[in-house]
$ cat work32.cif   # mmCIF, C-alpha atoms
data_query
loop_
_atom_site.label_atom_id
_atom_site.label_comp_id
_atom_site.auth_asym_id
_atom_site.auth_seq_id
_atom_site.Cartn_x
_atom_site.Cartn_y
_atom_site.Cartn_z
CA MET A 15 0.00 0.00 0.00
CA ALA A 16 1.32 3.46 -0.92
CA ARG A 17 2.46 5.87 1.77
CA MET A 18 -0.02 8.62 2.61
CA SER A 19 1.05 12.03 1.33
CA SER A 20 1.36 14.88 3.81
CA ARG A 21 -1.09 17.01 1.84
CA ARG A 22 -3.77 14.32 1.90
CA PHE A 23 -3.21 13.58 5.58
CA ASN A 24 -3.36 17.28 6.50
CA ALA A 25 -6.57 17.74 4.49
CA TYR A 26 -8.28 14.86 6.32
CA VAL A 27 -7.11 16.12 9.72
CA MET A 28 -8.29 19.67 8.99
CA VAL A 29 -11.77 18.45 7.98
CA LEU A 30 -12.04 16.24 11.08
CA MET A 31 -10.84 19.03 13.36
CA ALA A 32 -13.41 21.38 11.81
CA VAL A 33 -16.10 18.80 12.64
CA TYR A 34 -14.68 18.56 16.18
CA VAL A 35 -14.84 22.35 16.69
CA ALA A 36 -18.37 22.44 15.24
CA LEU A 37 -19.48 19.70 17.66
CA ILE A 38 -17.89 21.52 20.61
CA PHE A 39 -19.81 24.69 19.77
CA VAL A 40 -23.08 23.05 18.69
CA ALA A 41 -23.49 19.78 20.61
CA TRP A 42 -21.70 20.52 23.87
CA PRO A 43 -23.91 23.45 25.00
CA LEU A 44 -26.98 21.22 24.52
CA VAL A 45 -25.75 18.57 26.98
CA ARG A 46 -27.06 20.17 30.16
CA ASP A 47 -30.48 20.85 28.67
CA ALA A 48 -30.96 17.34 27.28
CA HIS A 49 -33.66 15.39 29.16
CA SER A 50 -32.88 11.83 28.10
CA VAL A 51 -29.77 10.27 29.67
CA TRP A 52 -28.89 8.50 26.43
CA TRP A 53 -29.21 11.70 24.45
CA ARG A 54 -27.02 13.46 27.02
CA ILE A 55 -24.37 10.73 26.75
CA ALA A 56 -24.48 10.88 22.94
CA LEU A 57 -24.06 14.65 22.94
CA ALA A 58 -21.31 14.58 25.58
CA VAL A 59 -19.13 12.04 23.78
CA SER A 60 -19.89 13.21 20.23
CA PRO A 61 -16.68 15.36 19.98
CA THR A 62 -14.62 12.22 20.58
CA VAL A 63 -15.80 10.70 17.28
CA PRO A 64 -13.73 13.00 15.00
CA VAL A 65 -10.81 12.69 17.45
CA ALA A 66 -11.00 8.89 17.21
CA CYS A 67 -11.01 9.24 13.42
CA VAL A 68 -7.84 11.37 13.62
CA VAL A 69 -6.18 8.74 15.85
CA ALA A 70 -7.12 6.03 13.31
CA LEU A 71 -5.75 8.20 10.50
CA MET A 72 -2.49 8.73 12.41
CA ALA A 73 -2.21 4.99 13.06
CA ARG A 74 -2.70 4.30 9.35
CA ARG A 75 -0.07 6.87 8.47
CA VAL A 76 2.44 5.34 10.89
CA MET A 77 1.71 1.84 9.55
CA LEU A 78 2.44 3.04 6.02
CA ALA A 79 5.55 5.04 7.01
CA ASP A 80 9.08 3.83 6.34
CA GLU A 81 11.29 2.27 9.03
CA LEU A 82 12.98 5.47 10.23
CA GLU A 83 9.68 7.35 10.45
CA GLN A 84 8.12 4.47 12.37
CA ARG A 85 11.03 4.48 14.80
CA LEU A 86 10.69 8.24 15.38
CA HIS A 87 6.92 7.91 15.92
CA LEU A 88 7.48 5.06 18.38
CA ILE A 89 10.18 6.85 20.41
CA ALA A 90 8.16 10.09 20.53
CA LEU A 91 5.01 8.25 21.57
CA GLY A 92 6.92 6.28 24.22
CA MET A 93 8.48 9.43 25.68
CA ALA A 94 5.18 11.30 25.63
CA THR A 95 3.36 8.40 27.30
CA ALA A 96 6.05 8.12 29.99
CA LEU A 97 5.98 11.87 30.74
CA VAL A 98 2.20 12.24 30.76
CA GLY A 99 1.75 8.95 32.63
CA THR A 100 4.18 10.08 35.34
CA ALA A 101 2.45 13.47 35.59
CA CYS A 102 -0.93 11.70 35.98
CA LEU A 103 0.53 9.42 38.66
CA ILE A 104 1.83 12.44 40.59
CA ALA A 105 -1.54 14.16 40.21
CA GLY A 106 -3.29 11.02 41.43
CA PHE A 107 -1.13 10.80 44.56
CA LEU A 108 -1.62 14.52 45.26
CA ALA A 109 -5.39 14.06 44.91
CA LEU A 110 -5.30 11.02 47.24
CA GLY A 111 -3.37 13.05 49.80
CA LYS A 112 -5.99 15.84 49.48
CA VAL A 113 -3.18 18.21 48.50
CA TRP A 114 -4.83 18.87 45.17
CA ARG A 115 -8.62 18.95 44.90
CA GLY A 116 -9.67 18.37 41.31
CA ASP A 117 -13.20 17.77 40.09
CA GLY A 118 -12.19 15.31 37.35
CA SER A 119 -12.50 17.81 34.52
CA GLU A 120 -8.68 17.88 34.41
CA LEU A 121 -8.82 14.48 32.68
CA PHE A 122 -10.04 16.36 29.63
CA TRP A 123 -6.46 17.66 29.19
CA VAL A 124 -4.66 14.30 29.25
CA PHE A 125 -5.14 13.54 25.56
CA PRO A 126 -4.32 17.04 24.22
CA VAL A 127 -1.19 17.22 26.43
CA LEU A 128 -0.15 13.75 25.26
CA CYS A 129 -0.54 14.86 21.62
CA LEU A 130 1.38 18.08 22.31
CA VAL A 131 4.31 16.34 24.03
CA TYR A 132 4.34 13.68 21.31
CA GLY A 133 4.40 16.37 18.61
CA PHE A 134 7.25 18.35 20.15
CA THR A 135 9.26 15.21 20.91
CA ARG A 136 8.86 13.95 17.36
CA LEU A 137 9.83 17.35 15.98
CA GLY A 138 12.98 17.39 18.13
CA LEU A 139 13.91 13.82 17.18
CA LYS A 140 13.30 14.52 13.51
CA ARG A 141 15.41 17.65 13.69
CA TYR A 142 18.22 15.66 15.31
CA VAL A 143 18.12 12.72 12.89
CA THR A 144 17.24 14.34 9.56
CA GLY A 145 18.09 18.00 10.18
CA SER A 146 14.57 18.99 9.14
CA TRP A 147 12.05 21.09 11.08
CA ASP A 148 9.23 19.88 8.86
CA PHE A 149 6.80 18.12 11.19
CA TRP A 150 4.27 16.78 8.70
CA GLY A 151 6.42 16.11 5.68
CA CYS A 152 7.78 12.74 6.65
CA MET B 28 28.53 2.74 10.62
CA GLU B 29 30.08 4.27 7.53
CA ASN B 30 28.51 3.86 4.10
CA ARG B 31 28.94 4.79 0.46
CA VAL B 32 25.30 5.59 -0.26
CA ARG B 33 25.89 9.27 -1.06
CA GLU B 34 28.79 8.46 -3.36
CA LEU B 35 26.84 5.78 -5.23
CA ARG B 36 23.72 7.94 -5.48
CA GLU B 37 25.69 10.83 -6.95
CA LYS B 38 27.42 8.45 -9.34
CA HIS B 39 24.01 7.44 -10.68
CA GLY B 40 22.94 11.09 -10.85
CA TRP B 41 19.98 10.60 -8.54
CA SER B 42 18.67 13.08 -6.00
CA GLN B 43 17.90 11.94 -2.45
CA GLY B 44 14.20 12.07 -3.34
CA GLU B 45 14.69 9.89 -6.43
CA LEU B 46 16.66 7.30 -4.48
CA GLY B 47 13.99 7.39 -1.78
CA GLU B 48 11.30 6.70 -4.38
CA ARG B 49 13.26 3.75 -5.76
CA LEU B 50 13.66 2.31 -2.27
CA ASP B 51 10.15 3.31 -1.11
CA VAL B 52 11.46 5.42 1.79
CA SER B 53 11.36 9.17 2.44
CA ARG B 54 14.00 11.69 1.34
CA GLN B 55 14.75 12.37 5.01
CA THR B 56 15.50 8.69 5.58
CA ILE B 57 18.03 8.74 2.73
CA ASN B 58 19.56 11.89 4.22
CA ALA B 59 19.80 10.27 7.67
CA ILE B 60 21.47 7.17 6.19
CA GLU B 61 23.96 9.21 4.19
CA THR B 62 24.94 11.35 7.17
CA GLY B 63 25.35 8.26 9.33
CA LYS B 64 22.64 9.29 11.79
CA TYR B 65 20.57 6.24 11.01
CA ASP B 66 21.67 2.71 10.24
CA PRO B 67 19.16 0.99 7.94
CA SER B 68 17.58 -2.34 8.76
CA LEU B 69 18.98 -5.45 7.10
CA PRO B 70 16.13 -5.66 4.52
CA LEU B 71 16.65 -2.00 3.54
CA ALA B 72 20.44 -2.44 3.38
CA PHE B 73 19.94 -5.43 1.05
CA LYS B 74 17.52 -3.38 -1.04
CA ILE B 75 20.14 -0.62 -1.37
CA ALA B 76 22.83 -3.15 -2.30
CA ARG B 77 20.57 -4.79 -4.89
CA LEU B 78 19.66 -1.41 -6.38
CA PHE B 79 23.32 -0.49 -6.88
CA GLY B 80 24.21 -4.04 -7.94
CA MET B 81 26.83 -4.44 -5.23
CA ARG B 82 27.49 -6.61 -2.20
CA ILE B 83 26.18 -5.25 1.06
CA GLU B 84 29.62 -5.17 2.72
CA THR B 85 31.06 -3.01 -0.07
CA ILE B 86 28.46 -0.32 0.69
CA PHE B 87 28.24 -0.55 4.47
CA ASP B 88 31.26 -0.70 6.73
CA PRO B 89 30.55 -1.39 10.39
CA GLY B 90 34.02 -0.05 11.31
CA LYS B 91 35.74 -1.14 14.50
#

$ encode --input "work32.cif" --output "structure tokens"
Amino acid sequence: MARMSSRRFNAYVMVLMAVYVALIFVAWPLVRDAHSVWWRIALAVSPTVPVACVVALMARRVMLADELEQRLHLIALGMATALVGTACLIAGFLALGKVWRGDGSELFWVFPVLCLVYGFTRLGLKRYVTGSWDFWGC
Amino acid sequence: MENRVRELREKHGWSQGELGERLDVSRQTINAIETGKYDPSLPLAFKIARLFGMRIETIFDPGK
């Protein structure tokens, strides 16, 4: 199977992110007013659908990447998971010790922070190995 | 590991992108191999050797 071009990948991600933003602005405000529990659940989790599609798209792109790209993706993902996982563990212990009183909404930030750390780590690794700052053009 | 990929590519008059297309890898991967920042896997090293019609050990030198 042919490798996915950066332009095509970016186009798909942009469309899915536009859907995500639209759902956040349209569906999310309706959650509190929804009467049915099922309807409330559907509205609340609806923004995760385009995000799941982006994750699937990224997985497909990594699967079709060459060996060096796959290695960079894997190292970046491993480092990001270790960092964010450790931060979550610290937060969990602080919450258990009543040092930090969160209401659970902080969990919303785990995935975006993971993506951010992964992105920066991959950019740094790519810069080191290939000398390029181009994040998407792999 | 030292290699002669850049020398052989230039001898054939190919750009990094063209060599990448022939090997089905990215231009950056070719660049990383040529600069010695990345050692290719055995299948890719064999592919490179086959493309240039040479033995693998004449292209890649593990050094000491």

$ closest_atom_pairs --input "work32.cif" --of "chain A" --to "chain B" --cutoff "6 Å" --atoms "all atoms listed in the file" --output "CSV"
residue,atom,partner,partner_atom,distance
A:Asp80,CA,B:Val52,CA,5.4
A:Val143,CA,B:Lys64,CA,5.8
A:Thr144,CA,B:Ala59,CA,5.2

$ atom_distance --input "work32.cif" --atom1 "atom CA of A:Ala56" --atom2 "atom CA of A:Tyr34"
14.2 Å

$ residues_around --input "work32.cif" --residues "stretch 79-84 of chain B" --least-positions-apart "2" --cutoff "10 Å" --atoms "all atoms listed in the file" --output "PDB file with C-alpha atoms, keeping the file's coordinate frame"
ATOM      1  CA  ASN B  30      28.510   3.860   4.100  1.00  0.00           C
ATOM      2  CA  VAL B  32      25.300   5.590  -0.260  1.00  0.00           C
ATOM      3  CA  LEU B  35      26.840   5.780  -5.230  1.00  0.00           C
ATOM      4  CA  ARG B  36      23.720   7.940  -5.480  1.00  0.00           C
ATOM      5  CA  HIS B  39      24.010   7.440 -10.680  1.00  0.00           C
ATOM      6  CA  LEU B  69      18.980  -5.450   7.100  1.00  0.00           C
ATOM      7  CA  ALA B  72      20.440  -2.440   3.380  1.00  0.00           C
ATOM      8  CA  PHE B  73      19.940  -5.430   1.050  1.00  0.00           C
ATOM      9  CA  LYS B  74      17.520  -3.380  -1.040  1.00  0.00           C
ATOM     10  CA  ILE B  75      20.140  -0.620  -1.370  1.00  0.00           C
ATOM     11  CA  ALA B  76      22.830  -3.150  -2.300  1.00  0.00           C
ATOM     12  CA  ARG B  77      20.570  -4.790  -4.890  1.00  0.00           C
ATOM     13  CA  ILE B  86      28.460  -0.320   0.690  1.00  0.00           C
ATOM     14  CA  PHE B  87      28.240  -0.550   4.470  1.00  0.00           C
ATOM     15  CA  ASP B  88      31.260  -0.700   6.730  1.00  0.00           C
ATOM     16  CA  PRO B  89      30.550  -1.390  10.390  1.00  0.00           C
TER      17      PRO B  89
END

$ atom_distance --input "work32.cif" --atom1 "atom CA of A:Leu128" --atom2 "atom CA of A:Ala94"
5.9 Å

$ residues_near_point --input "work32.cif" --point "(6.8, 12.4, 19.4)" --cutoff "8 Å" --atoms "all atoms listed in the file" --output "ChimeraX atom specification"
/A:86-94,131-137,139

$ write_last_selection --input "work32.cif" --atoms "C-alpha atoms" --output "PDB file, in the frame of the given file"
ATOM      1  CA  LEU A  86      10.690   8.240  15.380  1.00  0.00           C
ATOM      2  CA  HIS A  87       6.920   7.910  15.920  1.00  0.00           C
ATOM      3  CA  LEU A  88       7.480   5.060  18.380  1.00  0.00           C
ATOM      4  CA  ILE A  89      10.180   6.850  20.410  1.00  0.00           C
ATOM      5  CA  ALA A  90       8.160  10.090  20.530  1.00  0.00           C
ATOM      6  CA  LEU A  91       5.010   8.250  21.570  1.00  0.00           C
ATOM      7  CA  GLY A  92       6.920   6.280  24.220  1.00  0.00           C
ATOM      8  CA  MET A  93       8.480   9.430  25.680  1.00  0.00           C
ATOM      9  CA  ALA A  94       5.180  11.300  25.630  1.00  0.00           C
ATOM     10  CA  VAL A 131       4.310  16.340  24.030  1.00  0.00           C
ATOM     11  CA  TYR A 132       4.340  13.680  21.310  1.00  0.00           C
ATOM     12  CA  GLY A 133       4.400  16.370  18.610  1.00  0.00           C
ATOM     13  CA  PHE A 134       7.250  18.350  20.150  1.00  0.00           C
ATOM     14  CA  THR A 135       9.260  15.210  20.910  1.00  0.00           C
ATOM     15  CA  ARG A 136       8.860  13.950  17.360  1.00  0.00           C
ATOM     16  CA  LEU A 137       9.830  17.350  15.980  1.00  0.00           C
ATOM     17  CA  LEU A 139      13.910  13.820  17.180  1.00  0.00           C
TER      18      LEU A 139
END

$ atom_distance --input "work32.cif" --atom1 "atom CA of A:Lys140" --atom2 "atom CA of A:Glu83"
8.6 Å

$ closest_residue --input "work32.cif" --among "A:Ile104, A:Leu121, A:Val76, A:Leu57" --to "A:Val45" --atoms "only C-alpha atoms"
A:Leu57

$ closest_residue --input "work32.cif" --among "B:Gly90, B:Leu78, B:Pro70, B:Glu61" --to "B:Arg31" --atoms "only C-alpha atoms"
B:Glu61
